[in-house]
Amino acid sequence: MTFHRYVALGDSFTEGVGDPDPRRPNGLRGWADRVAEALAAGTDDFGYANLAIRGRKLGAIIDEQLEPALALEPDLVTIHGGGNDVLRPKVDVDALAATYDGAIARLTATGAHVVMFTLYDPGPKGIYGPVRGRMAIFNEWVREIADDRGVTVVDLWRMRGHDPGQVMDPDRMHLNAAGHQHVAIAVLDALGLPHELQPHPPRELPALRRRQQWGEHARWTREFLGPWVHRRVTGRSSGDGVEPKRPGLLPLD
């Protein structure tokens, strides 16, 4: 397959948070940029748009990004959402899935090839442990929607064997550059497309003593978890005031 018009929809995962690059819009690169670069290498007529905005729940992704995406008449669409929903105290996962299915139906009706993602497995411990079951149910809906609509799934839940310290940003919520590279490879492989991307070499992680670990946990709570909880309580979002990094189909520099 050769794609000429790629549009990426979603939240911080697709915007590229955790993979800073001051030369790029919003100061971020991310896996979607990497996929676009690989796709552009296969054609001299290629445009890429990225409408994703950090902090968006699935309903907002669909309400704000679906119509602009359809107007761009893409032949490839990637969409990731739901992660910010399942982290809320209450969520109707079945209703969320029905909303998602309606959006996927509209995208596939255009003839575009669509790629969806499951949420990653956070494991039974940590702050995400209590919602792990909810995430698993949502992922089963994603797989069912993909089967019914004939779309590609990149199953992040089943990607094992990576030390979180190697692929996660210090905020413990987003991927770092190595993690975004890993996802880009997974997307291209799922599409069956040739590419030259290679995993980033593992970096050496310092061995921390117990007191140092406590210090790191305290720093993380102060710098990342506390502000995240405050935004939830006050009804704010990290994406407030943020614009899409690539609102129109443009060639890559």
# chains A, B, ... in the order shown; residues from 1 in each chain; ligands from 1
>>> select_by_dssp(residues="stretch 1-246 of chain A", states="strand (DSSP E or B)", output="list in words")
Arg5, Tyr6, Val7, Ala8, Leu9, Pro20, Leu28, Gly47, Tyr48, Ala49, Asn50, Leu76, Val77, Thr78, Ile79, His113, Val114, Val115, Met116, Phe117, Thr152, Val153, Val154, Met168, Leu175 and Arg246 of chain A
>>> closest_atom_pairs(of="stretch 31-138 of chain A", to="stretch 144-166 of chain A", cutoff="9 Å", atoms="only C-alpha atoms", output="CSV")
residue,atom,partner,partner_atom,distance
A:Ala97,CA,A:Ile145,CA,8.2
A:Tyr100,CA,A:Ile145,CA,8.3
A:Asp101,CA,A:Ile145,CA,6.0
A:Ile104,CA,A:Arg149,CA,7.4
A:Ala105,CA,A:Arg149,CA,6.8
A:Thr108,CA,A:Arg149,CA,7.2
A:His113,CA,A:Val151,CA,6.8
A:Val114,CA,A:Val151,CA,5.3
A:Val115,CA,A:Thr152,CA,4.7
A:Met116,CA,A:Val153,CA,4.9
A:Phe117,CA,A:Val154,CA,4.9
A:Thr118,CA,A:Asp155,CA,5.1
A:Leu119,CA,A:Trp157,CA,5.8
A:Tyr120,CA,A:Trp157,CA,4.1
A:Asp121,CA,A:Trp157,CA,4.8
A:Pro122,CA,A:Trp157,CA,8.5
A:Ala136,CA,A:Trp157,CA,8.2
>>> closest_atom_pairs(of="stretch 135-206 of chain A", to="stretch 49-67 of chain A", cutoff="12 Å", atoms="only C-alpha atoms", output="JSON lines")
{"residue": "A:Phe138", "atom": "CA", "partner": "A:Leu58", "partner_atom": "CA", "distance": 11.9}
{"residue": "A:Met173", "atom": "CA", "partner": "A:Gly55", "partner_atom": "CA", "distance": 11.4}
{"residue": "A:His174", "atom": "CA", "partner": "A:Arg54", "partner_atom": "CA", "distance": 10.5}
>>> write_last_selection(atoms="C-alpha atoms", output="PDB file, in the first residue's frame")
ATOM      1  CA  PHE A 138     -12.418  -1.084  26.726  1.00  0.00           C
ATOM      2  CA  MET A 173       2.141   8.926  31.936  1.00  0.00           C
ATOM      3  CA  HIS A 174       3.569   9.343  28.432  1.00  0.00           C
TER       4      HIS A 174
END
>>> closest_residue(among="A:Arg106, A:Arg132, A:Arg88, A:Arg23", to="A:Gly235", atoms="only C-alpha atoms")
A:Arg88
>>> atom_distance(atom1="atom CA of A:Val91", atom2="atom CA of A:Ile137")
11.9 Å
>>> select_by_dssp(residues="stretch 56-120 of chain A", states="helix (DSSP H, G or I)", output="mmCIF file with N, CA and C atoms, in the first residue's frame")
data_model
loop_
_atom_site.group_PDB
_atom_site.id
_atom_site.type_symbol
_atom_site.label_atom_id
_atom_site.label_comp_id
_atom_site.auth_asym_id
_atom_site.auth_seq_id
_atom_site.Cartn_x
_atom_site.Cartn_y
_atom_site.Cartn_z
ATOM 1 N N LEU A 58 -12.431 10.863 24.662
ATOM 2 C CA LEU A 58 -12.841 10.345 23.355
ATOM 3 C C LEU A 58 -13.962 11.175 22.736
ATOM 4 N N GLY A 59 -14.929 11.595 23.547
ATOM 5 C CA GLY A 59 -16.010 12.394 23.001
ATOM 6 C C GLY A 59 -15.519 13.684 22.381
ATOM 7 N N ALA A 60 -14.568 14.331 23.034
ATOM 8 C CA ALA A 60 -14.014 15.577 22.495
ATOM 9 C C ALA A 60 -13.196 15.319 21.240
ATOM 10 N N ILE A 61 -12.477 14.215 21.213
ATOM 11 C CA ILE A 61 -11.723 13.867 20.005
ATOM 12 C C ILE A 61 -12.670 13.759 18.812
ATOM 13 N N ILE A 62 -13.780 13.071 19.025
ATOM 14 C CA ILE A 62 -14.735 12.889 17.931
ATOM 15 C C ILE A 62 -15.419 14.207 17.580
ATOM 16 N N ASP A 63 -15.850 14.952 18.593
ATOM 17 C CA ASP A 63 -16.570 16.201 18.342
ATOM 18 C C ASP A 63 -15.696 17.244 17.646
ATOM 19 N N GLU A 64 -14.417 17.317 18.032
ATOM 20 C CA GLU A 64 -13.545 18.372 17.537
ATOM 21 C C GLU A 64 -12.719 17.971 16.317
ATOM 22 N N GLN A 65 -12.422 16.684 16.177
ATOM 23 C CA GLN A 65 -11.449 16.272 15.171
ATOM 24 C C GLN A 65 -12.034 15.475 14.014
ATOM 25 N N LEU A 66 -13.175 14.837 14.213
ATOM 26 C CA LEU A 66 -13.694 13.952 13.162
ATOM 27 C C LEU A 66 -14.068 14.719 11.902
ATOM 28 N N GLU A 67 -14.870 15.777 12.025
ATOM 29 C CA GLU A 67 -15.306 16.508 10.834
ATOM 30 C C GLU A 67 -14.122 17.149 10.094
ATOM 31 N N PRO A 68 -13.188 17.814 10.799
ATOM 32 C CA PRO A 68 -12.014 18.328 10.091
ATOM 33 C C PRO A 68 -11.222 17.232 9.393
ATOM 34 N N ALA A 69 -11.153 16.056 10.012
ATOM 35 C CA ALA A 69 -10.428 14.950 9.377
ATOM 36 C C ALA A 69 -11.133 14.501 8.107
ATOM 37 N N LEU A 70 -12.446 14.355 8.157
ATOM 38 C CA LEU A 70 -13.194 13.930 6.975
ATOM 39 C C LEU A 70 -13.064 14.942 5.842
ATOM 40 N N ALA A 71 -13.018 16.213 6.203
ATOM 41 C CA ALA A 71 -12.897 17.255 5.178
ATOM 42 C C ALA A 71 -11.571 17.183 4.436
ATOM 43 N N GLY A 83 -8.191 6.643 26.730
ATOM 44 C CA GLY A 83 -7.335 6.580 27.906
ATOM 45 C C GLY A 83 -7.710 7.617 28.951
ATOM 46 N N ASN A 84 -8.023 8.817 28.531
ATOM 47 C CA ASN A 84 -8.401 9.867 29.478
ATOM 48 C C ASN A 84 -9.803 9.647 30.039
ATOM 49 N N ASP A 85 -10.601 8.830 29.374
ATOM 50 C CA ASP A 85 -11.934 8.507 29.884
ATOM 51 C C ASP A 85 -11.868 7.471 31.001
ATOM 52 N N VAL A 86 -11.117 6.402 30.771
ATOM 53 C CA VAL A 86 -11.124 5.305 31.750
ATOM 54 C C VAL A 86 -10.411 5.682 33.037
ATOM 55 N N VAL A 93 -18.270 2.383 29.980
ATOM 56 C CA VAL A 93 -17.399 1.864 28.928
ATOM 57 C C VAL A 93 -18.204 1.397 27.725
ATOM 58 N N ASP A 94 -19.373 0.806 27.962
ATOM 59 C CA ASP A 94 -20.194 0.340 26.843
ATOM 60 C C ASP A 94 -20.682 1.515 25.987
ATOM 61 N N ALA A 95 -21.118 2.585 26.636
ATOM 62 C CA ALA A 95 -21.553 3.766 25.885
ATOM 63 C C ALA A 95 -20.375 4.404 25.161
ATOM 64 N N LEU A 96 -19.217 4.398 25.812
ATOM 65 C CA LEU A 96 -18.009 4.934 25.187
ATOM 66 C C LEU A 96 -17.681 4.165 23.917
ATOM 67 N N ALA A 97 -17.798 2.839 23.992
ATOM 68 C CA ALA A 97 -17.507 2.004 22.832
ATOM 69 C C ALA A 97 -18.505 2.248 21.704
ATOM 70 N N ALA A 98 -19.767 2.457 22.053
ATOM 71 C CA ALA A 98 -20.771 2.730 21.019
ATOM 72 C C ALA A 98 -20.465 4.037 20.291
ATOM 73 N N THR A 99 -20.032 5.039 21.040
ATOM 74 C CA THR A 99 -19.635 6.301 20.420
ATOM 75 C C THR A 99 -18.441 6.105 19.498
ATOM 76 N N TYR A 100 -17.486 5.341 19.963
ATOM 77 C CA TYR A 100 -16.283 5.057 19.171
ATOM 78 C C TYR A 100 -16.652 4.338 17.878
ATOM 79 N N ASP A 101 -17.538 3.349 17.996
ATOM 80 C CA ASP A 101 -17.941 2.577 16.815
ATOM 81 C C ASP A 101 -18.583 3.472 15.765
ATOM 82 N N GLY A 102 -19.415 4.415 16.207
ATOM 83 C CA GLY A 102 -20.034 5.322 15.250
ATOM 84 C C GLY A 102 -19.016 6.160 14.503
ATOM 85 N N ALA A 103 -17.983 6.610 15.209
ATOM 86 C CA ALA A 103 -16.941 7.406 14.559
ATOM 87 C C ALA A 103 -16.138 6.564 13.571
ATOM 88 N N ILE A 104 -15.810 5.343 13.965
ATOM 89 C CA ILE A 104 -15.043 4.468 13.071
ATOM 90 C C ILE A 104 -15.862 4.146 11.825
ATOM 91 N N ALA A 105 -17.170 3.958 11.995
ATOM 92 C CA ALA A 105 -18.027 3.686 10.843
ATOM 93 C C ALA A 105 -17.992 4.835 9.849
ATOM 94 N N ARG A 106 -17.998 6.067 10.341
ATOM 95 C CA ARG A 106 -17.953 7.218 9.438
ATOM 96 C C ARG A 106 -16.612 7.307 8.716
ATOM 97 N N LEU A 107 -15.530 6.987 9.433
ATOM 98 C CA LEU A 107 -14.210 7.039 8.803
ATOM 99 C C LEU A 107 -14.059 5.959 7.735
ATOM 100 N N THR A 108 -14.473 4.734 8.039
ATOM 101 C CA THR A 108 -14.308 3.648 7.070
ATOM 102 C C THR A 108 -15.230 3.820 5.866
ATOM 103 N N ALA A 109 -16.357 4.506 6.068
ATOM 104 C CA ALA A 109 -17.295 4.719 4.955
ATOM 105 C C ALA A 109 -16.676 5.565 3.856
#
>>> residues_around(residues="A:Phe3", least_positions_apart="3", cutoff="7 Å", atoms="only C-alpha atoms", output="list in words")
Tyr6, Leu39, Asp75 and Leu76 of chain A
>>> atom_distance(atom1="atom CA of A:Ile127", atom2="atom CA of A:Gln181")
25.1 Å
>>> residues_around(residues="A:Leu249", least_positions_apart="3", cutoff="10 Å", atoms="only C-alpha atoms", output="PDB file with C-alpha atoms, in the first residue's frame")
ATOM      1  CA  HIS A   4      -0.791   9.965   0.140  1.00  0.00           C
ATOM      2  CA  ARG A   5      -3.047  11.693   2.706  1.00  0.00           C
ATOM      3  CA  TYR A   6      -2.455  10.715   6.338  1.00  0.00           C
ATOM      4  CA  VAL A   7      -4.467  12.232   9.205  1.00  0.00           C
ATOM      5  CA  PHE A  46       2.308  13.090   0.422  1.00  0.00           C
ATOM      6  CA  GLY A  47       0.500  15.218   3.001  1.00  0.00           C
ATOM      7  CA  TYR A  48       0.249  14.747   6.747  1.00  0.00           C
ATOM      8  CA  ALA A  49      -2.096  16.338   9.295  1.00  0.00           C
ATOM      9  CA  ASN A  50      -2.088  15.787  13.051  1.00  0.00           C
ATOM     10  CA  ALA A  69     -10.428  14.950   9.377  1.00  0.00           C
ATOM     11  CA  LEU A  72      -9.249  16.465   4.431  1.00  0.00           C
ATOM     12  CA  GLU A  73     -10.296  13.286   2.542  1.00  0.00           C
ATOM     13  CA  PRO A  74      -7.512  11.086   3.955  1.00  0.00           C
ATOM     14  CA  ARG A 246      -0.653  20.157  11.939  1.00  0.00           C
ATOM     15  CA  LEU A 252       7.020  17.144   5.489  1.00  0.00           C
TER      16      LEU A 252
END
>>> closest_residue(among="A:Ser12, A:Gly111, A:Arg209, A:Glu204", to="A:Asn26", atoms="only C-alpha atoms")
A:Ser12
>>> residues_around(residues="A:Val183", least_positions_apart="3", cutoff="12 Å", atoms="only C-alpha atoms", output="JSON, numbers by chain")
{"A": [13, 14, 16, 30, 31, 32, 33, 34, 35, 117, 118, 120, 154, 155, 156, 157, 159, 167, 175, 176, 177, 178, 179, 180, 186, 187, 188, 189, 190, 197, 198, 199, 200]}
>>> write_last_selection(atoms="N, CA and C atoms", output="mmCIF file, in the first residue's frame")
data_model
loop_
_atom_site.group_PDB
_atom_site.id
_atom_site.type_symbol
_atom_site.label_atom_id
_atom_site.label_comp_id
_atom_site.auth_asym_id
_atom_site.auth_seq_id
_atom_site.Cartn_x
_atom_site.Cartn_y
_atom_site.Cartn_z
ATOM 1 N N PHE A 13 -1.043 11.016 23.359
ATOM 2 C CA PHE A 13 -0.315 9.895 22.776
ATOM 3 C C PHE A 13 0.026 10.172 21.315
ATOM 4 N N THR A 14 -0.941 10.705 20.570
ATOM 5 C CA THR A 14 -0.745 10.974 19.146
ATOM 6 C C THR A 14 -0.115 12.331 18.899
ATOM 7 N N GLY A 16 2.249 13.489 20.578
ATOM 8 C CA GLY A 16 3.682 13.256 20.728
ATOM 9 C C GLY A 16 4.250 13.703 22.054
ATOM 10 N N GLY A 30 7.062 12.606 18.189
ATOM 11 C CA GLY A 30 6.091 11.548 18.439
ATOM 12 C C GLY A 30 6.056 10.486 17.366
ATOM 13 N N TRP A 31 5.330 9.414 17.664
ATOM 14 C CA TRP A 31 5.275 8.264 16.759
ATOM 15 C C TRP A 31 4.582 8.615 15.437
ATOM 16 N N ALA A 32 3.546 9.466 15.469
ATOM 17 C CA ALA A 32 2.817 9.773 14.233
ATOM 18 C C ALA A 32 3.709 10.505 13.240
ATOM 19 N N ASP A 33 4.550 11.426 13.735
ATOM 20 C CA ASP A 33 5.509 12.090 12.851
ATOM 21 C C ASP A 33 6.456 11.068 12.233
ATOM 22 N N ARG A 34 6.889 10.122 13.034
ATOM 23 C CA ARG A 34 7.811 9.093 12.530
ATOM 24 C C ARG A 34 7.147 8.238 11.453
ATOM 25 N N VAL A 35 5.885 7.865 11.687
ATOM 26 C CA VAL A 35 5.145 7.116 10.668
ATOM 27 C C VAL A 35 5.016 7.939 9.393
ATOM 28 N N PHE A 117 -6.006 1.687 18.231
ATOM 29 C CA PHE A 117 -5.051 1.218 19.239
ATOM 30 C C PHE A 117 -5.798 0.747 20.482
ATOM 31 N N THR A 118 -5.320 -0.330 21.074
ATOM 32 C CA THR A 118 -5.742 -0.632 22.435
ATOM 33 C C THR A 118 -4.903 0.203 23.399
ATOM 34 N N TYR A 120 -2.437 0.550 26.649
ATOM 35 C CA TYR A 120 -1.370 -0.310 27.148
ATOM 36 C C TYR A 120 -1.758 -0.907 28.499
ATOM 37 N N VAL A 154 -3.388 -1.828 16.387
ATOM 38 C CA VAL A 154 -2.072 -1.934 17.010
ATOM 39 C C VAL A 154 -2.340 -2.221 18.482
ATOM 40 N N ASP A 155 -2.053 -3.437 18.896
ATOM 41 C CA ASP A 155 -2.456 -3.910 20.219
ATOM 42 C C ASP A 155 -1.375 -3.603 21.247
ATOM 43 N N LEU A 156 -1.429 -2.388 21.787
ATOM 44 C CA LEU A 156 -0.447 -1.974 22.777
ATOM 45 C C LEU A 156 -0.541 -2.819 24.045
ATOM 46 N N TRP A 157 -1.726 -3.304 24.375
ATOM 47 C CA TRP A 157 -1.912 -4.112 25.582
ATOM 48 C C TRP A 157 -1.034 -5.354 25.560
ATOM 49 N N MET A 159 1.876 -5.753 24.016
ATOM 50 C CA MET A 159 3.306 -5.501 23.803
ATOM 51 C C MET A 159 4.035 -5.648 25.128
ATOM 52 N N VAL A 167 11.062 3.157 28.200
ATOM 53 C CA VAL A 167 10.156 3.683 27.176
ATOM 54 C C VAL A 167 9.214 4.757 27.686
ATOM 55 N N LEU A 175 4.897 8.286 26.729
ATOM 56 C CA LEU A 175 6.074 7.643 26.180
ATOM 57 C C LEU A 175 7.203 8.649 26.000
ATOM 58 N N ASN A 176 8.432 8.170 26.106
ATOM 59 C CA ASN A 176 9.583 8.997 25.734
ATOM 60 C C ASN A 176 9.915 8.742 24.264
ATOM 61 N N ALA A 177 11.044 9.263 23.793
ATOM 62 C CA ALA A 177 11.398 9.109 22.377
ATOM 63 C C ALA A 177 11.519 7.642 21.990
ATOM 64 N N ALA A 178 12.112 6.832 22.859
ATOM 65 C CA ALA A 178 12.249 5.403 22.556
ATOM 66 C C ALA A 178 10.884 4.732 22.458
ATOM 67 N N GLY A 179 9.956 5.113 23.342
ATOM 68 C CA GLY A 179 8.615 4.549 23.289
ATOM 69 C C GLY A 179 7.864 4.953 22.038
ATOM 70 N N HIS A 180 7.985 6.213 21.641
ATOM 71 C CA HIS A 180 7.328 6.668 20.411
ATOM 72 C C HIS A 180 7.926 5.970 19.185
ATOM 73 N N ALA A 186 5.629 -0.372 15.327
ATOM 74 C CA ALA A 186 4.469 -1.258 15.431
ATOM 75 C C ALA A 186 3.380 -0.881 14.436
ATOM 76 N N VAL A 187 3.161 0.413 14.232
ATOM 77 C CA VAL A 187 2.140 0.857 13.276
ATOM 78 C C VAL A 187 2.526 0.447 11.852
ATOM 79 N N LEU A 188 3.746 0.712 11.471
ATOM 80 C CA LEU A 188 4.184 0.378 10.115
ATOM 81 C C LEU A 188 4.175 -1.127 9.890
ATOM 82 N N ASP A 189 4.582 -1.886 10.912
ATOM 83 C CA ASP A 189 4.549 -3.350 10.795
ATOM 84 C C ASP A 189 3.115 -3.850 10.672
ATOM 85 N N ALA A 190 2.192 -3.264 11.443
ATOM 86 C CA ALA A 190 0.795 -3.690 11.384
ATOM 87 C C ALA A 190 0.191 -3.416 10.010
ATOM 88 N N LEU A 197 13.043 1.985 10.216
ATOM 89 C CA LEU A 197 13.102 2.350 11.624
ATOM 90 C C LEU A 197 13.648 1.205 12.464
ATOM 91 N N GLN A 198 14.463 1.539 13.421
ATOM 92 C CA GLN A 198 15.038 0.567 14.341
ATOM 93 C C GLN A 198 14.760 1.007 15.773
ATOM 94 N N PRO A 199 14.586 0.048 16.696
ATOM 95 C CA PRO A 199 14.382 0.435 18.094
ATOM 96 C C PRO A 199 15.577 1.219 18.622
ATOM 97 N N HIS A 200 15.298 2.159 19.503
ATOM 98 C CA HIS A 200 16.388 2.868 20.152
ATOM 99 C C HIS A 200 17.158 1.910 21.058
#
>>> atom_distance(atom1="atom CA of A:Ser238", atom2="atom CA of A:Lys90")
19.8 Å
